[in-house]
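Coordinates from final.cif are shown below (mmCIF, C-alpha atoms).
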```
data_entry
loop_
_atom_site.label_atom_id
_atom_site.label_comp_id
_atom_site.auth_asym_id
_atom_site.auth_seq_id
_atom_site.Cartn_x
_atom_site.Cartn_y
_atom_site.Cartn_z
CA MET A 1 -68.77 7.52 -33.30
CA PRO A 2 -69.30 8.44 -29.63
CA ILE A 3 -68.20 4.90 -28.71
CA PHE A 4 -64.90 5.39 -30.54
CA LEU A 5 -64.40 8.72 -28.82
CA CYS A 6 -65.09 7.09 -25.46
CA ILE A 7 -62.58 4.28 -26.13
CA PHE A 8 -59.99 6.81 -27.25
CA ALA A 9 -60.56 8.88 -24.12
CA LEU A 10 -60.08 5.83 -21.88
CA TYR A 11 -56.95 4.82 -23.78
CA PHE A 12 -55.58 8.33 -23.59
CA LYS A 13 -56.26 8.56 -19.86
CA LYS A 14 -54.68 5.20 -19.12
CA TYR A 15 -51.45 5.80 -20.96
CA ILE A 16 -50.89 9.52 -20.64
CA MET A 17 -51.80 10.17 -16.99
CA LYS A 18 -48.84 11.18 -14.87
CA LYS A 19 -47.81 9.47 -11.69
CA TYR A 20 -45.84 10.84 -8.81
CA LEU A 21 -43.50 9.52 -6.19
CA SER A 22 -43.92 11.10 -2.77
CA ILE A 23 -40.72 11.12 -0.70
CA PRO A 24 -41.01 12.28 2.91
CA THR A 25 -38.00 14.44 3.82
CA THR A 26 -36.89 16.16 6.99
CA ASN A 27 -36.03 19.54 5.49
CA ASN A 28 -38.14 19.72 2.31
CA GLY A 29 -41.42 18.22 3.51
CA ASP A 30 -42.99 15.65 1.20
CA VAL A 31 -41.21 15.90 -2.15
CA LEU A 32 -43.47 15.02 -5.08
CA LEU A 33 -41.54 13.73 -8.05
CA SER A 34 -43.01 13.04 -11.49
CA ILE A 35 -41.94 9.52 -12.41
CA GLU A 36 -43.11 9.30 -15.98
CA GLY A 37 -40.71 6.91 -17.71
CA GLY A 38 -39.31 5.60 -14.44
CA PHE A 39 -36.01 6.10 -12.64
CA VAL A 40 -32.92 4.14 -11.75
CA CYS A 41 -32.37 4.46 -8.01
CA PHE A 42 -29.00 3.66 -6.45
CA THR A 43 -26.48 4.60 -3.82
CA PRO A 44 -22.85 5.15 -4.84
CA ALA A 45 -21.74 3.37 -1.66
CA ILE A 46 -22.96 2.26 1.73
CA GLY A 47 -22.06 4.92 4.26
CA SER A 48 -22.11 7.72 1.68
CA GLY A 49 -25.28 9.35 3.05
CA PHE A 50 -26.35 9.73 -0.54
CA VAL A 51 -28.99 8.21 -2.80
CA SER A 52 -29.49 9.16 -6.42
CA LEU A 53 -32.41 8.89 -8.83
CA VAL A 54 -31.56 9.19 -12.52
CA ASN A 55 -33.16 8.89 -15.93
CA PRO A 56 -32.03 10.39 -19.24
CA ASN A 57 -33.73 13.68 -18.41
CA LEU A 58 -33.25 14.23 -14.73
CA GLN A 59 -30.78 13.53 -11.98
CA ILE A 60 -31.80 13.93 -8.36
CA GLY A 61 -29.56 13.57 -5.32
CA LEU A 62 -30.96 12.85 -1.89
CA SER A 63 -29.13 13.32 1.38
CA VAL A 64 -30.11 10.42 3.61
CA VAL A 65 -29.51 9.07 7.08
CA GLY A 66 -29.61 5.31 7.64
CA ASP A 67 -28.93 2.26 5.51
CA GLU A 68 -28.69 3.64 1.98
CA GLN A 69 -29.34 0.30 0.27
CA GLU A 70 -32.53 -0.21 2.31
CA ILE A 71 -33.64 3.30 1.35
CA VAL A 72 -32.94 2.47 -2.31
CA TYR A 73 -35.10 -0.65 -2.00
CA SER A 74 -37.94 1.31 -0.38
CA ILE A 75 -37.84 3.83 -3.25
CA GLN A 76 -37.71 0.98 -5.79
CA ASP A 77 -40.79 -0.59 -4.11
CA ALA A 78 -42.67 2.68 -4.47
CA LEU A 79 -41.63 2.97 -8.14
CA VAL A 80 -42.84 -0.57 -8.82
CA ASN A 81 -46.10 0.09 -6.96
CA ALA A 82 -46.65 3.20 -9.05
CA ALA A 83 -46.30 1.13 -12.21
CA LYS A 84 -48.65 -1.58 -10.93
CA THR A 85 -51.50 0.50 -9.61
CA PRO A 86 -54.42 1.78 -11.69
CA HIS A 87 -54.11 5.17 -13.35
CA SER A 88 -56.40 6.67 -10.72
CA ASP A 89 -53.77 6.02 -8.03
CA VAL A 90 -51.55 8.91 -8.91
CA VAL A 91 -49.26 9.21 -5.89
CA SER A 92 -47.02 6.39 -4.68
CA THR A 93 -45.55 7.14 -1.26
CA VAL A 94 -42.10 5.92 -0.25
CA SER A 95 -42.27 4.00 2.99
CA LEU A 96 -38.84 4.48 4.54
CA PRO A 97 -37.30 1.77 6.71
CA ASN A 98 -37.19 2.25 10.48
CA ARG A 99 -34.75 4.91 11.64
CA ALA A 100 -34.02 5.93 8.04
CA LYS A 101 -34.54 9.51 6.95
CA VAL A 102 -34.31 11.44 3.73
CA VAL A 103 -32.93 14.73 4.95
CA LYS A 104 -33.38 16.79 1.82
CA VAL A 105 -33.02 17.06 -1.93
CA LEU A 106 -29.38 17.95 -2.59
CA TYR A 107 -29.82 18.93 -6.20
CA GLU A 108 -31.94 18.45 -9.27
CA GLY A 109 -30.14 18.45 -12.56
CA GLY A 110 -31.64 18.68 -16.00
CA VAL A 111 -29.14 16.30 -17.48
CA GLY A 112 -28.98 12.59 -16.89
CA PRO A 113 -25.89 10.42 -16.65
CA LYS A 114 -23.28 10.87 -19.36
CA MET B 115 -46.18 1.90 -19.66
CA THR B 116 -43.28 1.79 -17.27
CA LYS B 117 -41.85 -1.60 -16.49
CA TYR B 118 -38.54 -2.49 -14.95
CA ILE B 119 -35.87 -5.05 -15.58
CA SER B 120 -33.94 -6.07 -12.48
CA ILE B 121 -30.26 -6.95 -12.41
CA GLU B 122 -28.64 -8.47 -9.36
CA THR B 123 -25.25 -6.89 -8.73
CA THR B 124 -22.42 -7.57 -6.31
CA ASN B 125 -21.86 -4.00 -5.10
CA SER B 126 -25.09 -2.11 -5.85
CA GLY B 127 -27.71 -4.61 -4.69
CA VAL B 128 -30.59 -5.34 -7.04
CA LEU B 129 -30.88 -2.52 -9.56
CA LEU B 130 -34.11 -1.73 -11.38
CA PHE B 131 -33.93 -0.15 -14.83
CA PRO B 132 -37.04 1.30 -16.48
CA ASN B 133 -37.81 0.15 -20.02
CA LEU B 134 -37.27 3.57 -21.50
CA GLN B 135 -38.05 4.24 -25.13
CA PHE B 136 -34.45 4.02 -26.29
CA PHE B 137 -33.19 1.36 -23.93
CA ILE B 138 -30.39 -0.25 -25.93
CA PRO B 139 -28.04 -2.55 -24.01
CA THR B 140 -24.59 -2.75 -25.58
CA LEU B 141 -21.43 -4.63 -24.78
CA GLN B 142 -18.60 -2.12 -24.53
CA SER B 143 -15.99 -4.57 -23.24
CA SER B 144 -15.79 -7.58 -20.97
CA ASP B 145 -15.65 -5.04 -18.09
CA VAL B 146 -18.48 -2.68 -19.00
CA ILE B 147 -21.93 -2.86 -20.52
CA ILE B 148 -23.96 0.24 -21.34
CA LEU B 149 -27.68 0.43 -20.71
CA GLY B 150 -29.63 3.07 -22.60
CA ALA B 151 -29.13 5.22 -25.64
CA GLY B 152 -25.97 7.20 -26.34
CA ASP B 153 -23.68 7.31 -23.36
CA GLY B 154 -26.28 5.49 -21.27
CA ILE B 155 -25.70 4.10 -17.83
CA PRO B 156 -22.50 2.05 -17.48
CA LEU B 157 -22.45 -1.16 -15.47
CA SER B 158 -19.15 -2.67 -14.32
CA CYS B 159 -18.90 -6.39 -15.00
CA VAL B 160 -16.52 -9.31 -14.92
CA ASN B 161 -16.43 -11.43 -18.09
CA ALA B 162 -19.42 -9.65 -19.64
CA ASN B 163 -20.40 -11.20 -22.95
CA GLN B 164 -23.06 -11.06 -25.63
CA GLN B 165 -25.11 -13.65 -23.76
CA LEU B 166 -25.66 -11.11 -20.98
CA ILE B 167 -26.85 -8.55 -23.54
CA ASP B 168 -29.13 -11.18 -25.09
CA ASN B 169 -30.60 -11.96 -21.65
CA ILE B 170 -31.27 -8.25 -21.01
CA ASN B 171 -33.00 -8.00 -24.39
CA GLU B 172 -35.03 -11.09 -23.51
CA ALA B 173 -36.17 -9.45 -20.25
CA LEU B 174 -37.14 -6.32 -22.19
CA VAL B 175 -39.21 -8.37 -24.63
CA SER B 176 -40.88 -10.26 -21.77
CA ALA B 177 -41.70 -6.93 -20.15
CA ALA B 178 -43.31 -5.66 -23.34
CA GLN B 179 -45.36 -8.84 -23.75
CA ALA B 180 -46.65 -9.09 -20.18
CA SER B 181 -49.80 -7.58 -18.76
CA TYR B 182 -49.60 -4.19 -17.09
CA THR B 183 -49.82 -5.72 -13.60
CA GLU B 184 -46.48 -7.49 -14.12
CA VAL B 185 -43.85 -4.85 -13.65
CA VAL B 186 -40.46 -6.34 -12.73
CA PHE B 187 -38.54 -8.71 -15.01
CA PRO B 188 -35.29 -10.23 -13.74
CA VAL B 189 -32.29 -10.64 -16.02
CA THR B 190 -30.56 -14.01 -15.93
CA ILE B 191 -26.85 -13.54 -15.34
CA PRO B 192 -24.93 -16.11 -17.45
CA SER B 193 -22.61 -18.51 -15.71
CA GLY B 194 -19.13 -17.06 -15.27
CA VAL B 195 -20.37 -13.48 -15.57
CA GLU B 196 -20.54 -11.11 -12.63
CA VAL B 197 -22.26 -7.73 -12.63
CA LEU B 198 -20.45 -5.58 -10.09
CA GLY B 199 -22.68 -2.52 -10.14
CA LEU B 200 -22.96 0.97 -11.54
CA ASP B 201 -19.69 2.24 -12.92
CA PHE B 202 -18.86 5.64 -11.45
CA GLY B 203 -15.29 5.58 -12.62
CA GLY B 204 -15.57 8.43 -15.09
CA GLY B 205 -12.66 7.05 -17.06
CA GLY B 206 -11.35 4.58 -14.57
CA GLY B 207 -10.33 6.88 -11.73
CA ASP B 208 -11.16 6.14 -8.11
CA LEU B 209 -14.38 7.44 -6.72
CA CYS B 210 -13.87 10.00 -3.99
CA GLY B 211 -16.55 10.47 -1.44
CA TYR B 212 -17.05 12.85 1.39
CA THR B 213 -19.36 13.55 4.23
CA ILE B 214 -19.60 17.12 5.35
CA THR B 215 -21.27 18.49 8.43
CA VAL B 216 -21.75 22.15 9.29
CA GLY B 217 -22.39 22.67 13.00
CA THR B 218 -25.49 24.46 14.25
CA ASN B 219 -23.30 27.16 15.79
CA ALA B 220 -21.80 28.02 12.39
CA PRO B 221 -22.88 31.46 11.17
CA TYR B 222 -23.50 30.43 7.54
CA PRO B 223 -24.62 27.56 5.36
CA ILE B 224 -22.00 26.80 2.74
CA GLN B 225 -22.26 26.37 -1.00
CA PHE B 226 -20.31 23.34 -2.11
CA THR B 227 -19.28 22.83 -5.74
CA TYR B 228 -17.97 19.47 -6.89
CA ILE B 229 -17.67 17.07 -9.81
CA ASP B 230 -20.32 14.40 -9.45
CA GLU B 231 -20.23 10.70 -10.19
CA PHE B 232 -21.27 11.33 -13.81
CA GLY B 233 -18.55 13.87 -14.49
CA GLY B 234 -20.81 16.93 -14.35
CA PHE B 235 -20.54 19.93 -12.05
CA ASN B 236 -22.97 20.16 -9.20
CA SER B 237 -23.47 22.65 -6.46
CA ILE B 238 -25.28 21.98 -3.23
CA GLU B 239 -26.02 24.03 -0.19
CA ILE B 240 -24.95 22.50 3.11
CA LEU B 241 -27.11 23.94 5.84
CA ASN B 242 -25.63 24.67 9.25
CA ASP B 243 -27.99 22.22 10.89
CA GLY B 244 -25.47 19.71 12.25
CA LEU B 245 -26.66 16.96 9.90
CA PRO B 246 -24.25 15.05 7.68
CA TYR B 247 -24.51 15.54 3.94
CA GLY B 248 -22.80 13.31 1.44
CA ALA B 249 -21.97 13.07 -2.23
CA TYR B 250 -19.61 11.18 -4.44
CA ILE B 251 -17.38 12.60 -7.08
CA ALA B 252 -15.64 10.82 -9.89
CA GLU B 253 -12.42 12.70 -10.37
CA CYS B 254 -10.06 12.94 -7.46
CA GLY B 255 -7.81 15.94 -7.30
CA THR B 256 -6.24 18.05 -4.63
CA MET B 257 -8.44 19.30 -1.85
CA ARG B 258 -8.79 23.05 -1.90
CA ILE B 259 -10.80 25.26 0.37
CA ASP B 260 -11.44 28.75 -0.94
CA GLN B 261 -11.38 31.12 2.00
CA SER B 262 -10.99 34.26 -0.08
CA ALA B 263 -14.41 35.67 0.78
CA THR B 264 -14.80 34.86 4.43
CA PRO B 265 -12.89 32.30 6.48
CA VAL B 266 -14.65 28.97 6.61
CA ASP B 267 -16.10 28.44 10.03
CA PRO B 268 -14.06 26.02 12.15
CA THR B 269 -17.19 24.04 12.97
CA VAL B 270 -17.21 22.73 9.39
CA VAL B 271 -16.10 19.11 9.61
CA PHE B 272 -14.81 17.06 6.69
CA ILE B 273 -15.08 13.41 7.59
CA ASP B 274 -13.59 11.82 4.50
CA GLU B 275 -9.98 12.71 3.78
CA SER B 276 -10.00 11.43 0.21
CA PRO B 277 -8.06 13.89 -1.94
CA PHE B 278 -10.36 15.84 -4.20
CA GLU B 279 -10.90 19.28 -5.60
CA LEU B 280 -13.09 21.03 -3.10
CA LEU B 281 -14.36 24.56 -3.25
CA VAL B 282 -16.16 25.79 -0.19
CA THR B 283 -17.39 29.34 0.10
CA PRO B 284 -19.60 30.70 2.88
CA GLU B 285 -22.86 31.73 1.36
CA ARG B 286 -25.20 33.85 3.40
CA PRO B 287 -26.30 34.23 7.00
CA ASN B 288 -28.45 31.50 8.49
CA ARG B 289 -32.13 31.87 7.75
#
```
Have the structure of the file written as structure tokens, please.
Amino acid sequence: MPIFLCIFALYFKKYIMKKYLSIPTTNNGDVLLSIEGGFVCFTPAIGSGFVSLVNPNLQIGLSVVGDEQEIVYSIQDALVNAAKTPHSDVVSTVSLPNRAKVVKVLYEGGVGPK
Amino acid sequence: MTKYISIETTNSGVLLFPNLQFFIPTLQSSDVIILGAGDGIPLSCVNANQQLIDNINEALVSAAQASYTEVVFPVTIPSGVEVLGLDFGGGGGDLCGYTITVGTNAPYPIQFTYIDEFGGFNSIEILNDGLPYGAYIAECGTMRIDQSATPVDPTVVFIDESPFELLVTPERPNR
């Protein structure tokens, strides 16, 4: 019986543990974002100064300086790393490209894309 | 466990989509496919067909079958099909964007209310820190600046002249 409990505990820990994305920003410090379920990251257009992260539950807008598409790719890399790493690696930090900055979180909405 | 399918697009680079619980790709028309349950996330396409949907489903199945260290699964785009990118049209209208900067000598931050790329209302605070802030909105209207409370400081600069409904009200003194 204790063996079954142990296996269940390991299974539970592996699949239920939360992971976080850490996004360094100029105005909001390091923003820690729970990424359970994953996000779609995109920019509406190059030159917009805007990057968005969305899933069915949450929509987050980031004000950015620099090449938006490169910033999107750096966030995507961190999301993929978070999915690849063991459950004990809880925080995946976004490594922004040179001269790129995330200025701040513009908004967090409780509703995803319609 | 979170895995991603990747779709190469013409206008939005390579997009990664998480394999969410109710990820159901559907063909809405030859111009648009929907990823996700309900309204989902629309992708603009050229000549989209069922083969594209089948390929997305195939990538989802591969993702589910693979070990947890394999995370990204590319979707094969069928010949003759082009995926343009995320569809922000909100009914087919043009997307209006803006960049707004409030100078450091402005007395107030401003609160900016707009219709976002998904058709919902959003409100953001633009600090008077001289940095550019941007957002995109889906429905273009007539630009309007509400100066009823206090005149908007002349150091507020609107860089994009796209016509849209804009409500700007000074908020509170700089902190």
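Going from atom CA of Leu62 of chain A over to atom CA of Thr43 of chain A, you cover 9.6 Å.
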(request) Counting all atoms listed in the file, collect the residues of chain A whose closest atom lies at most 6 Å from chain B, and write them out as an MDAnalysis selection string. (result) chainID A and resid 37:38 40 48:50 63 83:84 106 113:114
Residues of the last selection are to be written out with C-alpha atoms, as an mmCIF file, in the coordinates of the input.
```cif
data_model
loop_
_atom_site.group_PDB
_atom_site.id
_atom_site.type_symbol
_atom_site.label_atom_id
_atom_site.label_comp_id
_atom_site.auth_asym_id
_atom_site.auth_seq_id
_atom_site.Cartn_x
_atom_site.Cartn_y
_atom_site.Cartn_z
ATOM 1 C CA GLY A 37 -40.710 6.910 -17.710
ATOM 2 C CA GLY A 38 -39.310 5.600 -14.440
ATOM 3 C CA VAL A 40 -32.920 4.140 -11.750
ATOM 4 C CA SER A 48 -22.110 7.720 1.680
ATOM 5 C CA GLY A 49 -25.280 9.350 3.050
ATOM 6 C CA PHE A 50 -26.350 9.730 -0.540
ATOM 7 C CA SER A 63 -29.130 13.320 1.380
ATOM 8 C CA ALA A 83 -46.300 1.130 -12.210
ATOM 9 C CA LYS A 84 -48.650 -1.580 -10.930
ATOM 10 C CA LEU A 106 -29.380 17.950 -2.590
ATOM 11 C CA PRO A 113 -25.890 10.420 -16.650
ATOM 12 C CA LYS A 114 -23.280 10.870 -19.360
#
```
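Separating atom CA of Pro24 of chain A from atom CA of Pro44 of chain A is a distance of 21.0 Å.
Rounded to one decimal, atom CA of Gln165 of chain B and atom CA of Val146 of chain B lie 13.7 Å from each other.
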(request) Name the residues that the PyMOL selection byres ((chain A and resi 35) around 12) pulls out of this structure, and write them as a VMD selection string. (result) (chain A and resid 17 to 23 32 to 34 36 to 41 53 to 55 57 to 60 75 to 76 78 to 83 90 to 93) or (chain B and resid 115 to 117 132 134)
Restrict the selected residues to C-alpha atoms and save them as a CSV table (one decimal), keeping the file's coordinate frame.
```
chain,number,residue,atom,x,y,z
A,17,MET,CA,-51.8,10.2,-17.0
A,18,LYS,CA,-48.8,11.2,-14.9
A,19,LYS,CA,-47.8,9.5,-11.7
A,20,TYR,CA,-45.8,10.8,-8.8
A,21,LEU,CA,-43.5,9.5,-6.2
A,22,SER,CA,-43.9,11.1,-2.8
A,23,ILE,CA,-40.7,11.1,-0.7
A,32,LEU,CA,-43.5,15.0,-5.1
A,33,LEU,CA,-41.5,13.7,-8.0
A,34,SER,CA,-43.0,13.0,-11.5
A,36,GLU,CA,-43.1,9.3,-16.0
A,37,GLY,CA,-40.7,6.9,-17.7
A,38,GLY,CA,-39.3,5.6,-14.4
A,39,PHE,CA,-36.0,6.1,-12.6
A,40,VAL,CA,-32.9,4.1,-11.8
A,41,CYS,CA,-32.4,4.5,-8.0
A,53,LEU,CA,-32.4,8.9,-8.8
A,54,VAL,CA,-31.6,9.2,-12.5
A,55,ASN,CA,-33.2,8.9,-15.9
A,57,ASN,CA,-33.7,13.7,-18.4
A,58,LEU,CA,-33.2,14.2,-14.7
A,59,GLN,CA,-30.8,13.5,-12.0
A,60,ILE,CA,-31.8,13.9,-8.4
A,75,ILE,CA,-37.8,3.8,-3.2
A,76,GLN,CA,-37.7,1.0,-5.8
A,78,ALA,CA,-42.7,2.7,-4.5
A,79,LEU,CA,-41.6,3.0,-8.1
A,80,VAL,CA,-42.8,-0.6,-8.8
A,81,ASN,CA,-46.1,0.1,-7.0
A,82,ALA,CA,-46.6,3.2,-9.0
A,83,ALA,CA,-46.3,1.1,-12.2
A,90,VAL,CA,-51.6,8.9,-8.9
A,91,VAL,CA,-49.3,9.2,-5.9
A,92,SER,CA,-47.0,6.4,-4.7
A,93,THR,CA,-45.6,7.1,-1.3
B,115,MET,CA,-46.2,1.9,-19.7
B,116,THR,CA,-43.3,1.8,-17.3
B,117,LYS,CA,-41.8,-1.6,-16.5
B,132,PRO,CA,-37.0,1.3,-16.5
B,134,LEU,CA,-37.3,3.6,-21.5
```
